[in-house]
Amino acid sequence: DADEKNRTNGVGNSDVDTAKDESKIKVSDESQSESDASKSETDNDENAEQTNEKEDENAEEIEETEVTKEQELLEIAESISNACGASSLVTETGQLKCEHLCNDHFCCFDTENSCVDDEEEMCMVYVSCADLFEEVSMR
């Protein structure tokens, strides 16, 4: 009887131990699932943050490009204004310099074949060339 009780207790204890181990595994799996979900959420947050950073960088690059282009056009306009000002057009050297800068944009001032509406010609940038073309037409 004692051996039978011990065997029964042994089997019973073994079943209890197995149930405890399975419970630990189940809790461990649940903890792992929660950990994985939390990690996934963190990864998603990091990815969203990286995407936002890239979008911000791209917007800044576009803005810098626009500013750079505007700055370049302003510099061209200033250069033309200096080269084609009234005091420069008085000299032959001044006229030649102005012609060199303005020649490709004559259409901006040509009344018969005007290209004023063509944005690629950038007529507003070359507005100071008008003095040269007025001088030429007066001759």
# chains A, B, ... in the order shown; residues from 1 in each chain; ligands from 1
call {"tool": "residues_around", "arguments": {"residues": "Ser128 (chain A)", "least_positions_apart": "6", "cutoff": "9 Å", "atoms": "only C-alpha atoms", "output": "list in words"}}
result
Ala77, Glu78, Ile80, Ser81, Asn82, Ala83, Cys84, Gly85 and Cys102 of chain A
call {"tool": "write_last_selection", "arguments": {"atoms": "C-alpha atoms", "output": "short mmCIF file (atom, residue, chain, number, x, y, z; two decimals), in the first residue's frame"}}
result
data_model
loop_
_atom_site.label_atom_id
_atom_site.label_comp_id
_atom_site.auth_asym_id
_atom_site.auth_seq_id
_atom_site.Cartn_x
_atom_site.Cartn_y
_atom_site.Cartn_z
CA ALA A 77 19.59 90.54 -62.53
CA GLU A 78 22.05 92.58 -60.43
CA ILE A 80 22.82 92.87 -65.78
CA SER A 81 21.70 96.00 -63.96
CA ASN A 82 25.34 96.92 -63.27
CA ALA A 83 26.51 96.10 -66.80
CA CYS A 84 23.60 97.79 -68.55
CA GLY A 85 23.14 100.88 -66.40
CA CYS A 102 21.49 90.38 -72.98
#
call {"tool": "residues_around", "arguments": {"residues": "Leu96 (chain A)", "least_positions_apart": "4", "cutoff": "12 Å", "atoms": "only C-alpha atoms", "output": "list of chain:residue names"}}
result
A:Ala83, A:Cys84, A:Ser88, A:Leu89, A:Val90, A:Thr91, A:Glu92, A:His100, A:Leu101, A:Cys102, A:Asn103, A:Cys129, A:Leu132, A:Val136
call {"tool": "closest_residue", "arguments": {"among": "A:Asn52, A:Ser87, A:Thr111, A:Ser79", "to": "Val125 (chain A)", "atoms": "only C-alpha atoms"}}
result
A:Ser79
call {"tool": "residues_around", "arguments": {"residues": "Asp118 (chain A)", "least_positions_apart": "6", "cutoff": "12 Å", "atoms": "only C-alpha atoms", "output": "list in words"}}
result
His105, Cys107, Cys108 and Met124 of chain A
call {"tool": "write_last_selection", "arguments": {"atoms": "N, CA and C atoms", "output": "PDB file, in the first residue's frame"}}
result
ATOM      1  N   HIS A 105      18.462  87.207 -74.978  1.00  0.00           N
ATOM      2  CA  HIS A 105      17.128  87.533 -74.463  1.00  0.00           C
ATOM      3  C   HIS A 105      16.514  88.747 -75.168  1.00  0.00           C
ATOM      4  N   CYS A 107      14.475  88.725 -77.477  1.00  0.00           N
ATOM      5  CA  CYS A 107      13.041  88.503 -77.712  1.00  0.00           C
ATOM      6  C   CYS A 107      12.162  89.125 -76.623  1.00  0.00           C
ATOM      7  N   CYS A 108      12.712  89.317 -75.452  1.00  0.00           N
ATOM      8  CA  CYS A 108      11.951  89.935 -74.359  1.00  0.00           C
ATOM      9  C   CYS A 108      11.564  91.381 -74.686  1.00  0.00           C
ATOM     10  N   MET A 124      11.889  88.870 -66.804  1.00  0.00           N
ATOM     11  CA  MET A 124      11.939  89.769 -65.634  1.00  0.00           C
ATOM     12  C   MET A 124      13.377  89.914 -65.125  1.00  0.00           C
TER      13      MET A 124
END
